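Trainee: The structure follows.
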Amino acid sequence: MSTPSNKSSQALTVKSSQHTKDSASSPRRSSKQYTEAIAKLFSINHLITESEECSLELRTQQREQKEREVQQVNLEKILKIAYDVSTDDSANMPDPDWLAHFMFIAKNIYSVNMQALWGRVLKKEVIAPGSFSIKALNTLKNMTKKDAYAFQHACSLSCSFGTDQGKKLLTGAINQKMSLLVIPRREQSKLTLGQYQLPYHELLSLIELGIIHNSELESGAISQYQALPLNYQNQHFKVLASNKMSTFTYYRFTPTGNELAHLLPVSKYESYQTDLIHLLSQYFIIESS
């Protein structure tokens, strides 16, 4: 059975076996050689290679020309991706200001994996203008490939409960029992998200990007009498509290996080679902619906 991590790799990684072979067979290069290669790539190697004398103006023109050419290639690749994943469904032209902002950012997206995300953004925006805010575009611009992997893992662990369809990361449950001294005795059970490929440092990165709110929250008391709907990756449950003082703990996606979550193909973590249901069963009555 394919695991979510395997599917994540398939969704976000374009494998290049030839590149791997070339890397293995090519001699190791020094930092000096890489610095020189970078300088040549951006046409700013004049002082390093002591090339034939040409004016500063001409060197500037050469650099700017090369930069514009690469940006043109980036945009062409992203538009081709958007075209390839589009269908003949009814669509509309995005807002001109949004489109201008999209192009301004997209021209500087060089990674093949991130270009694929930007292509899907444009496709979804054409189908439903207003799907992605300019704030969401700015957030996506700041995401690295590593951030995208972490976000995909977070989406695969996310659920929704109650009437709010916003995505949440359930992390545990709290049960408070009255003692003989009428002082509530607080019991808490937690899941460690790092066990499911979302370590805490990656969660912090998503918080810093503004994709997830920066504090763990506690729900209101779950009812003993009216079932609370809980949806995890299209599997539906009904939850009733065993007593009147039981709650969930969770991290909540921001509005930007919920917008961007529609970009990534996700699948459920069977082990996370099993462990989550086992944990919640200590304090709640869980039924599949």
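Ligands are numbered from 1 in the order shown, chains are lettered A, B, ... in the order of the structure tokens, and residues start at 1 in each chain.
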Return as JSON lines the residues of region 49-98 of chain A lying at most 9 Å from region 39-42 of chain A, together with the closest atom-to-atom pair for each and the distance in Å to one decimal, counting only C-alpha atoms, with rows in chain order and ascending residue number.
Mentor:
{"residue": "A:Thr49", "atom": "CA", "partner": "A:Lys40", "partner_atom": "CA", "distance": 8.9}
{"residue": "A:Arg63", "atom": "CA", "partner": "A:Phe42", "partner_atom": "CA", "distance": 6.1}
{"residue": "A:Glu64", "atom": "CA", "partner": "A:Phe42", "partner_atom": "CA", "distance": 8.8}
{"residue": "A:Lys66", "atom": "CA", "partner": "A:Phe42", "partner_atom": "CA", "distance": 7.1}
{"residue": "A:Glu67", "atom": "CA", "partner": "A:Phe42", "partner_atom": "CA", "distance": 7.2}
Trainee: Compare A:Asn74, A:Ser133, A:Ser246, A:Gln33 by their minimum atom-to-atom distance to Gly119 (chain A), counting only C-alpha atoms, and give me the closest one.
Mentor: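 Among A:Asn74, A:Ser133, A:Ser246, A:Gln33, it is A:Asn74 that comes nearest to Gly119 (chain A).
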Trainee: One decimal, in Å: what's the spacing between CA of Glu270 (chain A) and CA of Thr144 (chain A)?
Mentor: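 Atom-to-atom, CA of Glu270 (chain A) and CA of Thr144 (chain A) are spaced 27.0 Å apart.
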Trainee: Write out as a PyMOL selection string which residues come within 12 Å of Gln115 (chain A) when counting only C-alpha atoms, dropping same-chain ones fewer than 2 positions away.
Mentor: chain A and resi 12-14+73-82+105-113+117-122+140-141+143-145+148
Trainee: Extract, using only C-alpha atoms, all DNA, RNA and protein residues at most 7 Å from Leu240 (chain A), discarding same-chain residues fewer than 5 positions from it, and format them as a PyMOL selection string.
Mentor: chain A and resi 222-228+284-286
